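Okay, my_file-v2.txt is below, compact mmCIF, C-alpha atoms:
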# COMPACT_ATOMS: atom_id res chain seq x y z
CA MET U 1 4.83 14.53 -19.01
CA ASN U 2 7.10 13.47 -16.17
CA ALA U 3 9.58 10.93 -17.56
CA GLN U 4 9.29 8.44 -14.72
CA PHE U 5 5.54 8.49 -14.89
CA LYS U 6 5.54 7.99 -18.63
CA ARG U 7 7.86 5.03 -18.26
CA GLY U 8 5.47 3.41 -15.82
CA ILE U 9 2.64 3.74 -18.30
CA VAL U 10 4.72 2.48 -21.23
CA GLU U 11 5.78 -0.49 -19.11
CA LEU U 12 2.13 -1.38 -18.61
CA CYS U 13 1.52 -1.07 -22.38
CA VAL U 14 4.50 -3.29 -23.24
CA LEU U 15 3.27 -5.93 -20.81
CA SER U 16 -0.22 -5.72 -22.22
CA GLU U 17 0.99 -6.18 -25.82
CA LEU U 18 3.06 -9.21 -24.86
CA VAL U 19 0.30 -10.77 -22.77
CA MET U 20 -1.71 -10.89 -26.02
CA GLU U 21 1.03 -12.54 -28.06
CA ASP U 22 4.79 -13.06 -28.34
CA MET U 23 6.38 -10.34 -30.46
CA TYR U 24 9.73 -9.13 -31.69
CA GLY U 25 11.12 -5.80 -30.56
CA TYR U 26 10.31 -3.64 -33.53
CA ARG U 27 6.75 -4.86 -33.65
CA ILE U 28 6.15 -3.92 -30.02
CA ILE U 29 7.58 -0.46 -30.66
CA ASN U 30 5.48 -0.05 -33.78
CA ASN U 31 2.26 -1.19 -32.10
CA ILE U 32 2.66 1.10 -29.13
CA SER U 33 3.88 4.16 -31.01
CA LYS U 34 0.75 3.97 -33.17
CA ASP U 35 -1.31 5.07 -30.21
CA ILE U 36 0.98 6.98 -27.94
CA ASP U 37 3.88 9.33 -28.49
CA VAL U 38 6.81 7.20 -27.53
CA ASN U 39 9.90 5.99 -29.31
CA GLU U 40 12.33 3.15 -29.28
CA ASN U 41 14.59 4.63 -26.67
CA THR U 42 11.83 4.40 -24.07
CA ILE U 43 10.58 0.95 -25.01
CA TYR U 44 13.82 -0.96 -25.52
CA PRO U 45 15.22 -0.31 -22.03
CA ILE U 46 11.92 -1.55 -20.59
CA LEU U 47 12.10 -4.76 -22.63
CA ARG U 48 15.63 -5.32 -21.47
CA ARG U 49 14.98 -4.61 -17.82
CA LEU U 50 11.84 -6.74 -17.60
CA THR U 51 13.71 -9.58 -19.31
CA LYS U 52 16.52 -9.29 -16.76
CA GLU U 53 14.02 -9.37 -13.93
CA GLY U 54 12.46 -12.55 -15.28
CA TYR U 55 9.18 -11.08 -16.50
CA PHE U 56 10.01 -12.00 -20.10
CA THR U 57 12.05 -14.69 -21.76
CA THR U 58 13.33 -14.44 -25.31
CA TYR U 59 13.78 -16.83 -28.23
CA LEU U 60 15.00 -16.43 -31.79
CA VAL U 61 12.86 -17.02 -34.87
CA GLU U 62 14.31 -17.19 -38.38
CA SER U 63 13.08 -14.45 -40.64
CA ASP U 64 12.69 -14.47 -44.46
CA LEU U 65 13.95 -10.90 -44.48
CA GLY U 66 17.44 -11.19 -43.05
CA ALA U 67 18.69 -11.96 -39.56
CA PRO U 68 16.67 -13.99 -37.05
CA ARG U 69 14.41 -11.99 -34.78
CA LYS U 70 14.34 -11.98 -31.01
CA TYR U 71 10.82 -12.67 -29.72
CA TYR U 72 9.76 -11.72 -26.21
CA LYS U 73 7.47 -13.99 -24.20
CA VAL U 74 5.72 -13.19 -20.91
CA THR U 75 6.51 -15.55 -18.02
CA GLU U 76 4.11 -16.50 -15.25
CA LYS U 77 5.85 -13.95 -13.03
CA GLY U 78 5.45 -11.32 -15.72
CA PHE U 79 1.78 -12.10 -16.07
CA ASN U 80 1.17 -11.75 -12.33
CA TYR U 81 3.07 -8.50 -12.37
CA TYR U 82 0.90 -7.29 -15.23
CA LEU U 83 -2.29 -8.04 -13.31
CA GLU U 84 -0.98 -6.21 -10.29
CA LEU U 85 0.20 -3.21 -12.28
CA ARG U 86 -3.06 -3.04 -14.17
CA ASP U 87 -4.96 -3.09 -10.92
CA SER U 88 -2.91 -0.19 -9.60
CA TRP U 89 -3.44 1.66 -12.83
CA ASP U 90 -7.21 1.18 -12.76
CA GLN U 91 -7.36 2.38 -9.19
CA PHE U 92 -5.18 5.37 -9.91
CA ILE U 93 -6.92 6.43 -13.09
CA GLY U 94 -10.26 5.83 -11.36
CA GLY U 95 -9.18 8.26 -8.68
CA VAL U 96 -8.10 10.81 -11.25
CA TYR U 97 -11.45 10.62 -13.02
CA GLU U 98 -13.33 10.93 -9.76
CA ILE U 99 -11.62 14.29 -9.39
CA LEU U 100 -11.93 15.42 -12.99
CA ASN U 101 -15.57 14.46 -13.34
CA LYS U 102 -16.61 16.47 -10.32
CA GLY U 103 -16.58 19.51 -12.57
CA GLY U 104 -18.54 17.81 -15.34
CA LYS U 105 -17.74 15.26 -17.98
CA LYS U 106 -17.95 17.28 -21.15
CA ASN U 107 -16.08 20.38 -22.21
CA GLU U 108 -19.32 22.36 -22.66
CA GLN U 109 -20.43 21.50 -19.15
CA ILE U 110 -17.06 22.41 -17.69
CA SER U 111 -16.83 25.70 -19.60
CA GLU U 112 -20.36 26.69 -18.72
CA ARG U 113 -19.78 26.09 -15.06
CA PHE U 114 -16.47 27.92 -15.11
CA ARG U 115 -17.90 30.98 -16.90
CA LYS U 116 -20.76 31.19 -14.46
CA ARG U 117 -18.40 31.03 -11.56
CA VAL U 118 -16.06 33.67 -12.98
CA LYS U 119 -18.99 35.99 -13.69
CA LYS U 120 -20.20 35.73 -10.12
CA ALA U 121 -16.85 36.80 -8.83
CA MET M 1 21.60 4.10 -39.62
CA ASN M 2 25.10 2.80 -39.06
CA LYS M 3 25.81 6.11 -37.44
CA PHE M 4 23.13 5.40 -34.86
CA LEU M 5 24.75 2.09 -33.94
CA LYS M 6 28.20 3.63 -33.79
CA ASP M 7 27.01 6.49 -31.62
CA LEU M 8 25.16 4.11 -29.36
CA GLU M 9 28.27 1.98 -28.95
CA LYS M 10 30.34 5.07 -28.19
CA GLU M 11 27.85 6.31 -25.56
CA LEU M 12 27.58 2.90 -23.88
CA LYS M 13 31.38 2.64 -23.70
CA LYS M 14 31.56 6.11 -22.24
CA LEU M 15 29.23 4.97 -19.46
CA LYS M 16 31.34 1.84 -18.91
CA VAL M 17 28.59 -0.65 -19.69
CA ASN M 18 30.20 -4.09 -19.92
CA ASP M 19 31.19 -5.50 -23.33
CA LYS M 20 28.76 -8.41 -23.24
CA ASP M 21 25.80 -6.11 -22.68
CA ILE M 22 26.99 -3.70 -25.36
CA LYS M 23 27.25 -6.53 -27.86
CA GLU M 24 23.72 -7.71 -27.06
CA ILE M 25 22.25 -4.22 -27.18
CA LEU M 26 23.87 -3.51 -30.56
CA GLU M 27 22.67 -6.82 -31.98
CA ASP M 28 19.12 -6.11 -30.81
CA HIS M 29 19.24 -2.69 -32.44
CA LYS M 30 20.65 -3.99 -35.69
CA GLU M 31 17.74 -6.39 -35.84
CA MET M 32 15.15 -3.74 -34.99
CA ILE M 33 16.51 -1.25 -37.50
CA GLU M 34 16.46 -3.93 -40.15
CA ALA M 35 12.84 -4.72 -39.30
CA ALA M 36 11.99 -1.03 -39.58
CA LYS M 37 13.66 -0.87 -43.02
CA ASN M 38 11.74 -3.91 -44.16
CA ASP M 39 8.63 -2.12 -43.04
CA GLY M 40 9.41 0.57 -45.60
CA LEU M 41 10.63 3.32 -43.26
CA ASP M 42 13.23 5.69 -44.66
CA GLU M 43 16.28 6.95 -42.79
CA GLY M 44 14.51 10.02 -41.48
CA GLN M 45 11.55 8.05 -40.14
CA ILE M 46 13.82 5.52 -38.54
CA GLU M 47 15.83 8.24 -36.87
CA GLU M 48 12.65 9.70 -35.46
CA LYS M 49 11.41 6.35 -34.24
CA PHE M 50 14.67 5.40 -32.55
CA GLY M 51 15.43 8.72 -30.92
CA LYS M 52 18.76 9.87 -29.58
CA PRO M 53 21.46 7.29 -28.84
CA GLU M 54 22.61 9.37 -25.83
CA THR M 55 19.24 9.14 -24.07
CA LEU M 56 18.95 5.45 -24.84
CA ALA M 57 22.44 4.72 -23.53
CA LYS M 58 21.75 6.66 -20.37
CA ASP M 59 18.49 4.83 -19.67
CA LEU M 60 20.10 1.46 -20.27
CA HIS M 61 22.99 2.38 -18.01
CA ASP M 62 20.70 3.60 -15.20
CA ASP M 63 18.70 0.39 -15.40
CA SER M 64 21.77 -1.82 -15.28
CA GLN M 65 22.96 -0.01 -12.16
CA LYS M 66 19.65 -0.72 -10.48
CA SER M 67 19.56 -4.44 -11.21
CA GLU M 68 23.15 -5.15 -10.29
CA GLY M 69 23.64 -7.81 -7.67
CA LYS M 70 20.58 -9.27 -6.06
CA THR M 71 17.07 -8.57 -7.13
CA ASP M 72 15.94 -5.26 -5.85
CA TYR M 73 12.24 -5.10 -6.49
CA ASN M 74 11.34 -1.71 -7.69
CA PHE M 75 7.76 -0.97 -7.02
CA SER M 76 5.99 0.55 -9.93
CA ASP M 77 5.67 4.29 -10.30
CA VAL M 78 1.99 3.91 -11.00
CA GLY M 79 1.45 1.81 -7.92
CA SER M 80 2.99 4.45 -5.73
CA CYS M 81 0.42 6.99 -6.94
CA VAL M 82 -2.46 4.89 -5.68
CA LYS M 83 -3.84 6.32 -2.52
CA ALA M 84 -4.94 4.11 0.32
CA ASP M 85 -8.71 3.98 0.31
CA THR M 86 -9.82 5.75 3.46
CA SER M 87 -13.29 6.62 2.16
CA GLU M 88 -15.14 4.30 4.51
CA PHE M 89 -13.00 5.18 7.49
CA ASN M 90 -13.13 7.95 10.06
CA LEU M 91 -9.99 9.80 11.00
CA VAL M 92 -9.29 9.29 14.70
CA LYS M 93 -5.98 10.99 15.26
CA THR M 94 -3.11 12.60 13.41
CA PHE M 95 0.35 12.65 14.91
CA PRO M 96 3.00 14.94 13.50
CA LEU M 97 6.30 13.20 13.01
CA ILE M 98 9.33 15.09 14.24
CA SER M 99 12.07 12.50 14.33
CA GLU M 100 13.43 10.41 11.44
CA GLU M 101 12.47 7.19 13.14
CA PHE M 102 9.66 5.82 15.25
CA SER M 103 8.37 2.52 16.58
CA VAL M 104 4.94 0.93 16.31
CA THR M 105 3.22 -1.28 18.87
CA VAL M 106 -0.18 -2.76 18.09
CA GLY M 107 -2.14 -5.00 20.44
CA LEU M 108 -5.62 -5.93 19.27
CA ILE M 109 -8.13 -8.69 19.86
CA SER M 110 -10.64 -9.16 17.08
CA ASP M 111 -10.25 -5.95 15.12
CA ASP M 112 -8.62 -5.95 11.73
CA PHE M 113 -5.59 -3.79 11.31
CA GLY M 114 -4.09 -2.29 8.19
CA LEU M 115 -0.97 -0.20 7.77
CA THR M 116 0.33 1.34 4.62
CA THR M 117 2.67 4.11 3.54
CA TYR M 118 1.50 7.30 1.90
CA ASP M 119 2.77 10.59 0.55
CA GLY M 120 2.34 12.63 3.69
CA GLU M 121 4.21 14.06 6.62
CA SER M 122 2.28 12.77 9.60
CA ILE M 123 0.94 9.52 10.99
CA GLN M 124 -2.80 9.14 10.52
CA VAL M 125 -4.99 6.67 12.38
CA TYR M 126 -8.41 5.77 10.96
CA GLU M 127 -11.17 3.52 12.22
CA LYS M 128 -14.21 1.82 10.82
CA LYS M 129 -17.10 0.30 12.81
CA VAL M 130 -15.40 0.82 16.16
CA LYS M 131 -18.16 0.88 18.80
CA ASP M 132 -16.43 2.89 21.44
CA ILE M 133 -13.09 4.48 20.67
CA GLU M 134 -12.62 5.01 24.45
CA ASP M 135 -11.95 1.27 24.70
CA TYR M 136 -8.65 1.79 22.97
CA THR M 137 -5.39 3.51 23.71
CA ILE M 138 -4.20 5.37 20.65
CA SER M 139 -1.15 7.47 21.41
CA PHE M 140 2.17 8.71 20.15
CA ASP M 141 4.70 9.29 22.91
CA ASN M 142 8.49 9.15 22.82
CA ASN M 143 8.35 8.33 19.15
CA GLU M 144 6.23 5.26 19.77
CA LEU M 145 2.88 4.80 18.08
CA LEU M 146 0.67 2.69 20.32
CA ILE M 147 -2.70 1.22 19.33
CA LYS M 148 -4.12 -1.09 21.92
CA LYS M 149 -7.40 -2.49 23.09
CA ASP M 150 -7.54 -1.88 26.81
CA LYS M 151 -7.59 -5.12 28.77
CA LYS M 152 -10.00 -4.10 31.48
CA LYS M 153 -12.60 -3.25 28.93
CA ILE M 154 -12.57 -6.56 27.11
CA LYS M 155 -15.99 -8.09 27.46
CA ILE M 156 -15.91 -11.82 27.76
CA PHE M 157 -19.27 -12.31 26.11
CA ASN M 158 -18.89 -10.25 23.04
CA PHE M 159 -20.95 -11.79 20.28
CA SER M 160 -20.59 -8.95 17.88
CA ASN M 161 -19.85 -10.19 14.36
CA ASP M 162 -19.23 -6.76 13.08
CA SER M 163 -15.53 -6.59 13.60
CA ALA M 164 -14.01 -3.17 13.65
CA GLU M 165 -11.06 -2.10 11.61
CA PHE M 166 -8.12 0.25 12.02
CA LEU M 167 -6.09 1.74 9.24
CA VAL M 168 -2.83 3.58 9.80
CA LEU M 169 -1.02 5.67 7.21
CA VAL M 170 2.65 6.39 7.76
CA PRO M 171 4.91 8.64 5.67
CA LYS M 172 6.68 6.90 2.83
CA GLY M 173 10.40 6.19 3.18
CA ILE M 174 10.63 6.52 6.93
CA GLU M 175 12.18 3.63 8.78
CA ILE M 176 10.31 2.10 11.67
CA SER M 177 12.87 1.11 14.30
CA LYS M 178 10.65 -1.55 15.84
CA PHE M 179 7.30 -2.94 14.74
CA ASP M 180 5.43 -5.12 17.18
CA PHE M 181 2.04 -6.46 16.10
CA LYS M 182 -0.14 -8.72 18.22
CA THR M 183 -3.66 -9.88 17.47
CA ILE M 184 -5.95 -12.70 18.53
CA SER M 185 -8.51 -13.15 15.79
CA GLY M 186 -8.23 -9.94 13.82
CA ASP M 187 -6.49 -9.91 10.46
CA GLY M 188 -3.44 -7.83 9.67
CA ASN M 189 -2.67 -6.24 6.35
CA LEU M 190 0.67 -4.46 6.29
CA ASN M 191 2.09 -2.80 3.23
CA GLY M 192 5.38 -1.06 2.53
CA ILE M 193 6.92 -1.45 5.96
CA SER M 194 10.61 -0.82 6.34
CA THR M 195 11.74 -1.82 9.80
CA LYS M 196 14.78 -3.11 11.69
CA ASN M 197 12.88 -5.28 14.06
CA PHE M 198 9.59 -6.89 13.04
CA THR M 199 7.59 -9.10 15.40
CA VAL M 200 4.14 -10.41 14.55
CA LYS M 201 2.00 -12.68 16.72
CA SER M 202 -1.47 -13.87 15.83
CA THR M 203 -3.69 -16.64 17.14
CA SER M 204 -6.27 -17.12 14.42
CA GLY M 205 -5.98 -13.88 12.51
CA ASP M 206 -4.62 -14.03 8.98
CA LEU M 207 -1.72 -11.85 7.94
CA GLU M 208 -1.04 -10.33 4.59
CA LEU M 209 2.26 -8.54 4.12
CA THR M 210 3.43 -6.82 0.96
CA ASN M 211 6.63 -4.98 0.17
CA VAL M 212 8.35 -5.69 3.46
CA ASP M 213 11.87 -4.54 4.13
CA GLY M 214 12.84 -5.87 7.55
CA LYS M 215 16.20 -6.68 9.03
CA ASP M 216 15.13 -9.04 11.77
CA MET M 217 11.74 -10.70 11.35
CA LYS M 218 9.86 -13.03 13.68
CA PHE M 219 6.33 -14.20 12.86
CA SER M 220 4.17 -16.64 14.73
CA THR M 221 0.60 -17.85 14.41
CA VAL M 222 -1.50 -20.69 15.76
CA SER M 223 -4.14 -21.21 13.09
CA GLY M 224 -3.81 -17.99 11.17
CA ASP M 225 -2.33 -18.04 7.67
CA ILE M 226 0.49 -15.76 6.56
CA GLU M 227 0.87 -14.49 3.03
CA ILE M 228 3.90 -12.44 2.08
CA LEU M 229 4.54 -10.81 -1.26
CA ARG M 230 7.93 -9.24 -1.89
CA LEU M 231 10.22 -9.25 1.07
CA LYS M 232 13.77 -8.17 1.69
CA GLY M 233 15.61 -8.78 4.92
CA ASP M 234 18.43 -10.24 6.93
CA GLN M 235 16.81 -12.87 9.15
CA PHE M 236 13.43 -14.56 8.89
CA GLU M 237 11.85 -16.78 11.50
CA VAL M 238 8.35 -18.15 11.47
CA SER M 239 6.50 -20.46 13.78
CA LEU M 240 3.15 -22.03 12.83
CA VAL M 241 0.87 -24.56 14.46
CA SER M 242 -1.74 -25.32 11.84
CA GLY M 243 -1.61 -22.12 9.85
CA ASP M 244 0.02 -22.03 6.43
CA LEU M 245 2.71 -19.72 5.14
CA GLU M 246 3.14 -18.50 1.61
CA VAL M 247 6.08 -16.32 0.54
CA LYS M 248 6.46 -14.95 -2.95
CA GLN M 249 9.55 -13.12 -4.13
CA ALA M 250 11.88 -12.77 -1.21
CA VAL M 251 15.56 -12.10 -0.80
CA VAL M 252 16.86 -12.88 2.68
CA LYS M 253 20.57 -12.28 3.29
CA GLY M 254 20.79 -14.61 6.28
CA ASN M 255 18.84 -17.68 7.33
CA MET M 256 15.18 -18.57 7.14
CA SER M 257 13.75 -20.89 9.72
CA PHE M 258 10.29 -22.43 9.62
CA HIS M 259 8.78 -24.29 12.55
CA SER M 260 5.36 -25.83 12.17
CA VAL M 261 3.20 -28.59 13.57
CA SER M 262 0.95 -29.27 10.62
CA GLY M 263 1.15 -26.01 8.75
CA ASP M 264 2.52 -26.04 5.22
CA VAL M 265 5.06 -23.66 3.78
CA GLU M 266 4.99 -22.57 0.16
CA LEU M 267 7.82 -20.54 -1.31
CA PHE M 268 8.10 -18.99 -4.73
CA GLU M 269 11.17 -17.15 -5.94
CA VAL M 270 12.93 -17.04 -2.62
CA GLU M 271 16.66 -16.70 -1.96
CA CYS M 272 18.40 -17.14 1.39
CA GLU M 273 21.41 -18.61 3.17
CA GLU M 274 20.35 -21.56 5.28
CA ALA M 275 16.74 -22.79 5.30
CA ASP M 276 15.79 -24.78 8.37
CA PHE M 277 12.45 -26.59 8.41
CA ARG M 278 11.17 -28.34 11.53
CA THR M 279 7.72 -29.88 11.44
CA VAL M 280 5.57 -32.81 12.46
CA SER M 281 3.43 -33.26 9.38
CA GLY M 282 3.70 -30.03 7.46
CA ASP M 283 5.32 -29.87 4.03
CA LEU M 284 7.60 -27.30 2.51
CA GLU M 285 7.22 -26.73 -1.18
CA GLY M 286 9.63 -24.44 -2.97
CA LYS M 287 9.55 -23.30 -6.56
CA GLU M 288 12.50 -21.24 -7.69
CA PHE M 289 13.68 -21.53 -4.11
CA TYR M 290 17.43 -20.99 -3.76
CA PRO M 291 18.80 -21.44 -0.25
CA SER M 292 22.51 -22.25 -0.13
CA GLN M 293 21.76 -25.05 2.31
CA VAL M 294 18.74 -26.82 3.85
CA SER M 295 18.04 -28.89 6.91
CA LEU M 296 14.93 -30.88 7.78
CA LYS M 297 13.66 -32.32 11.02
CA SER M 298 10.24 -33.93 10.72
CA VAL M 299 8.02 -36.91 11.44
CA SER M 300 6.26 -37.13 8.10
CA GLY M 301 6.84 -33.70 6.61
CA ASP M 302 8.71 -33.33 3.31
CA ILE M 303 10.75 -30.71 1.56
CA ASP M 304 10.17 -30.46 -2.18
CA ILE M 305 12.14 -28.00 -4.24
CA THR M 306 11.71 -27.53 -7.98
CA ASN M 307 14.07 -25.08 -9.62
CA ARG M 308 14.78 -24.12 -13.18
CA ASN M 309 18.33 -23.05 -12.48
CA VAL M 310 20.00 -26.32 -11.51
CA LEU M 311 23.46 -24.76 -11.51
CA LYS M 312 22.91 -23.22 -8.09
CA ASP M 313 23.82 -25.88 -5.55
CA ILE M 314 21.68 -26.57 -2.53
CA ASN M 315 23.52 -28.50 0.19
CA VAL M 316 21.56 -30.72 2.54
CA ILE M 317 23.27 -30.25 5.88
CA SER M 318 21.04 -32.37 8.09
CA LYS M 319 18.04 -34.60 7.68
CA LYS M 320 16.27 -36.23 10.60
CA THR M 321 12.90 -37.65 9.69
CA VAL M 322 10.72 -40.73 10.15
CA SER M 323 8.92 -40.90 6.84
CA GLY M 324 9.63 -37.52 5.34
CA ASP M 325 12.09 -36.76 2.58
CA ILE M 326 13.98 -34.00 0.77
CA ASN M 327 13.54 -33.84 -2.99
CA ILE M 328 15.42 -31.31 -5.05
CA SER M 329 14.87 -31.26 -8.78
Before anything else, please render the file you have as structure tokens.
Amino acid sequence: MNAQFKRGIVELCVLSELVMEDMYGYRIINNISKDIDVNENTIYPILRRLTKEGYFTTYLVESDLGAPRKYYKVTEKGFNYYLELRDSWDQFIGGVYEILNKGGKKNEQISERFRKRVKKA
Amino acid sequence: MNKFLKDLEKELKKLKVNDKDIKEILEDHKEMIEAAKNDGLDEGQIEEKFGKPETLAKDLHDDSQKSEGKTDYNFSDVGSCVKADTSEFNLVKTFPLISEEFSVTVGLISDDFGLTTYDGESIQVYEKKVKDIEDYTISFDNNELLIKKDKKKIKIFNFSNDSAEFLVLVPKGIEISKFDFKTISGDGNLNGISTKNFTVKSTSGDLELTNVDGKDMKFSTVSGDIEILRLKGDQFEVSLVSGDLEVKQAVVKGNMSFHSVSGDVELFEVECEEADFRTVSGDLEGKEFYPSQVSLKSVSGDIDITNRNVLKDINVISKKTVSGDINIS
């Protein structure tokens, strides 16, 4: 997948996780990498950049297991940005599905149609 | 995992990232690696999860280059893939674009007008619910796009509620040398415009502008409201009678001046040099508003600024008012 495009999607995921609750870095990485193939070196730069741009603030929380942890918190600006980004995403993915579903929604349907068409030719 | 931290430090130094940032990045990683260990991950798993220090360093470096200096809003990659919805419109004309630059002049009465950028090579003009397209001049001559309702064909008694709408798509990344937009009661919705000279005049039509990059900007309305989201520019001038103005996220290099009779001005996350507010009874409310200096001339209008960063000084250079006041907190 195109790196820029993937970053855009991961950014949306990071925002979405943090809109639900404040989290520390490793937890965000862990939560997201459960579902999509992404590692720390994609997520951390996003956390850092969005913090710099004022979408997140950070605070430290003491941990029983060693050093204090840096928690990330979504600001009002970050939340508005999330809504906007999510809107764009929905529109975009909606458009993509409009196109994909023209040929049928299920693999069987799509294959059947394709075989028929190839046979004709 | 100490090797990871050492390599990361080495890579960041190679890219000349400043020491303070390096220190913070390394601390964050120490913490995250520790959290991963506590989670029961072994060295191999951690290595896989954290990836290559070189890629990480490069991404962090690229990002820090981008956000150096003043805020440069980078519009999301996803957002730029969204296509303007032209499904309910009819294509009127397509003009191929030969030169690097062109100007836009729009003069409408009650029709709504939208302009947005797209991933294409030519200028496309669409319409919706236009009764007779012959009533309009739509042309592209000498690098000027002109969309105009012809004067002689304006019917005085036109009770049609069904207002028509135009939508124009222009190629992304091309600078518009001059953008002149005039409307009476139609609304304007302009997105992604990059222009040297931006003039907007509306009587009662509302204006919505997003992602504007304009050097010299002059807006005026009588009762129409103006809403601006994300703006960059050199000079910003607005004149309102009873319409309101709302600006969110703007960086203006030079001055911003606001003239209003009773219209209010609301600013959120705005930076500029001098802010000049002249009004009879309108108020200016700024949150995270950082002009270097302000001046107020009013009868009863106030300026209220609430900022989190109190270290940035705002100088009051002049205040002439009967019952108004300037509050900065």
| task | Could you check how far CA of Phe140 in chain M sits from CA of Glu175 in chain M, in Å to one decimal? | result |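 Distance between the two atoms: 16.0 Å.
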| request: Determine, counting only C-alpha atoms, which protein, DNA and RNA residues have an atom within 7 Å of an atom of range 276-287 of chain M; residues of the same chain fewer than 3 positions away are not included. Present the result as a ChimeraX atom specification. | output: /M:256-269,294-307
| task | To one decimal in Å, tell me the separation between CA of Lys10 in chain M and CA of Glu47 in chain M. | result |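 Taking CA of Lys10 in chain M as the start and CA of Glu47 in chain M as the end point, the length is 17.2 Å.
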| task | Between CA of Lys128 in chain M and CA of Leu167 in chain M, measure the distance and give it in Å to one decimal. | result |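 Those two atoms sit 8.3 Å apart.
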| field | Residue nearest chain U among M:Met217, M:Leu229, M:Ile328, M:Leu190 (counting only C-alpha atoms) | value |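 Checking each of M:Met217, M:Leu229, M:Ile328, M:Leu190 against chain U, counting only C-alpha atoms, the winner is M:Leu229.
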| task | Excluding range 73-87 of chain U and residues on its chain fewer than 3 positions from it, collect all residues at most 10 Å away from it, counting all atoms listed in the file, and give them as a PyMOL selection string. | result | (chain U and resi 8-9+11-24+50-51+53-59+70+90-93) or (chain M and resi 75-79+82+249+268-269)
Can those selected residues be exported to a file as an mmCIF file, keeping the file's coordinate frame so that it contains C-alpha atoms?
data_model
loop_
_atom_site.group_PDB
_atom_site.id
_atom_site.type_symbol
_atom_site.label_atom_id
_atom_site.label_comp_id
_atom_site.auth_asym_id
_atom_site.auth_seq_id
_atom_site.Cartn_x
_atom_site.Cartn_y
_atom_site.Cartn_z
ATOM 1 C CA GLY U 8 5.470 3.410 -15.820
ATOM 2 C CA ILE U 9 2.640 3.740 -18.300
ATOM 3 C CA GLU U 11 5.780 -0.490 -19.110
ATOM 4 C CA LEU U 12 2.130 -1.380 -18.610
ATOM 5 C CA CYS U 13 1.520 -1.070 -22.380
ATOM 6 C CA VAL U 14 4.500 -3.290 -23.240
ATOM 7 C CA LEU U 15 3.270 -5.930 -20.810
ATOM 8 C CA SER U 16 -0.220 -5.720 -22.220
ATOM 9 C CA GLU U 17 0.990 -6.180 -25.820
ATOM 10 C CA LEU U 18 3.060 -9.210 -24.860
ATOM 11 C CA VAL U 19 0.300 -10.770 -22.770
ATOM 12 C CA MET U 20 -1.710 -10.890 -26.020
ATOM 13 C CA GLU U 21 1.030 -12.540 -28.060
ATOM 14 C CA ASP U 22 4.790 -13.060 -28.340
ATOM 15 C CA MET U 23 6.380 -10.340 -30.460
ATOM 16 C CA TYR U 24 9.730 -9.130 -31.690
ATOM 17 C CA LEU U 50 11.840 -6.740 -17.600
ATOM 18 C CA THR U 51 13.710 -9.580 -19.310
ATOM 19 C CA GLU U 53 14.020 -9.370 -13.930
ATOM 20 C CA GLY U 54 12.460 -12.550 -15.280
ATOM 21 C CA TYR U 55 9.180 -11.080 -16.500
ATOM 22 C CA PHE U 56 10.010 -12.000 -20.100
ATOM 23 C CA THR U 57 12.050 -14.690 -21.760
ATOM 24 C CA THR U 58 13.330 -14.440 -25.310
ATOM 25 C CA TYR U 59 13.780 -16.830 -28.230
ATOM 26 C CA LYS U 70 14.340 -11.980 -31.010
ATOM 27 C CA ASP U 90 -7.210 1.180 -12.760
ATOM 28 C CA GLN U 91 -7.360 2.380 -9.190
ATOM 29 C CA PHE U 92 -5.180 5.370 -9.910
ATOM 30 C CA ILE U 93 -6.920 6.430 -13.090
ATOM 31 C CA PHE M 75 7.760 -0.970 -7.020
ATOM 32 C CA SER M 76 5.990 0.550 -9.930
ATOM 33 C CA ASP M 77 5.670 4.290 -10.300
ATOM 34 C CA VAL M 78 1.990 3.910 -11.000
ATOM 35 C CA GLY M 79 1.450 1.810 -7.920
ATOM 36 C CA VAL M 82 -2.460 4.890 -5.680
ATOM 37 C CA GLN M 249 9.550 -13.120 -4.130
ATOM 38 C CA PHE M 268 8.100 -18.990 -4.730
ATOM 39 C CA GLU M 269 11.170 -17.150 -5.940
#
| field | Which residue of M:Gly186, M:Pro96, M:Gly243, M:Gly192 approaches Gly214 in chain M most closely, using all atoms listed in the file | value |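 Closest residue, counting all atoms listed in the file: M:Gly192.
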| chain M contacts on chain U, all atoms listed in the file, 6 Å, as a PyMOL selection string | chain U and resi 8+26+39-41+45+88+92
Please produce a file of the residues just selected, as a CSV table (one decimal), in the coordinates of the input, where the atoms kept are C-alpha atoms.
chain,number,residue,atom,x,y,z
U,8,GLY,CA,5.5,3.4,-15.8
U,26,TYR,CA,10.3,-3.6,-33.5
U,39,ASN,CA,9.9,6.0,-29.3
U,40,GLU,CA,12.3,3.2,-29.3
U,41,ASN,CA,14.6,4.6,-26.7
U,45,PRO,CA,15.2,-0.3,-22.0
U,88,SER,CA,-2.9,-0.2,-9.6
U,92,PHE,CA,-5.2,5.4,-9.9
| task | Determine the nearest neighbour of Lys215 in chain M from the options M:Ile184, M:Leu15, M:Val252, M:Val200, counting only C-alpha atoms. | result |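 Residue with the minimum atom-to-atom distance to Lys215 in chain M: M:Val252.
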Do a neighbour search on Asn143 in chain M at 9 Å with only C-alpha atoms, toss out local chain neighbours closer than 6 positions, and write the hits as a PDB file with C-alpha atoms, keeping the file's coordinate frame.
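Here's the written file out-v7.pdb:
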ATOM      1  CA  LEU M  97       6.300  13.200  13.010  1.00  0.00           C
ATOM      2  CA  ILE M  98       9.330  15.090  14.240  1.00  0.00           C
ATOM      3  CA  SER M  99      12.070  12.500  14.330  1.00  0.00           C
ATOM      4  CA  GLU M 101      12.470   7.190  13.140  1.00  0.00           C
ATOM      5  CA  PHE M 102       9.660   5.820  15.250  1.00  0.00           C
ATOM      6  CA  SER M 103       8.370   2.520  16.580  1.00  0.00           C
ATOM      7  CA  VAL M 104       4.940   0.930  16.310  1.00  0.00           C
TER       8      VAL M 104
END
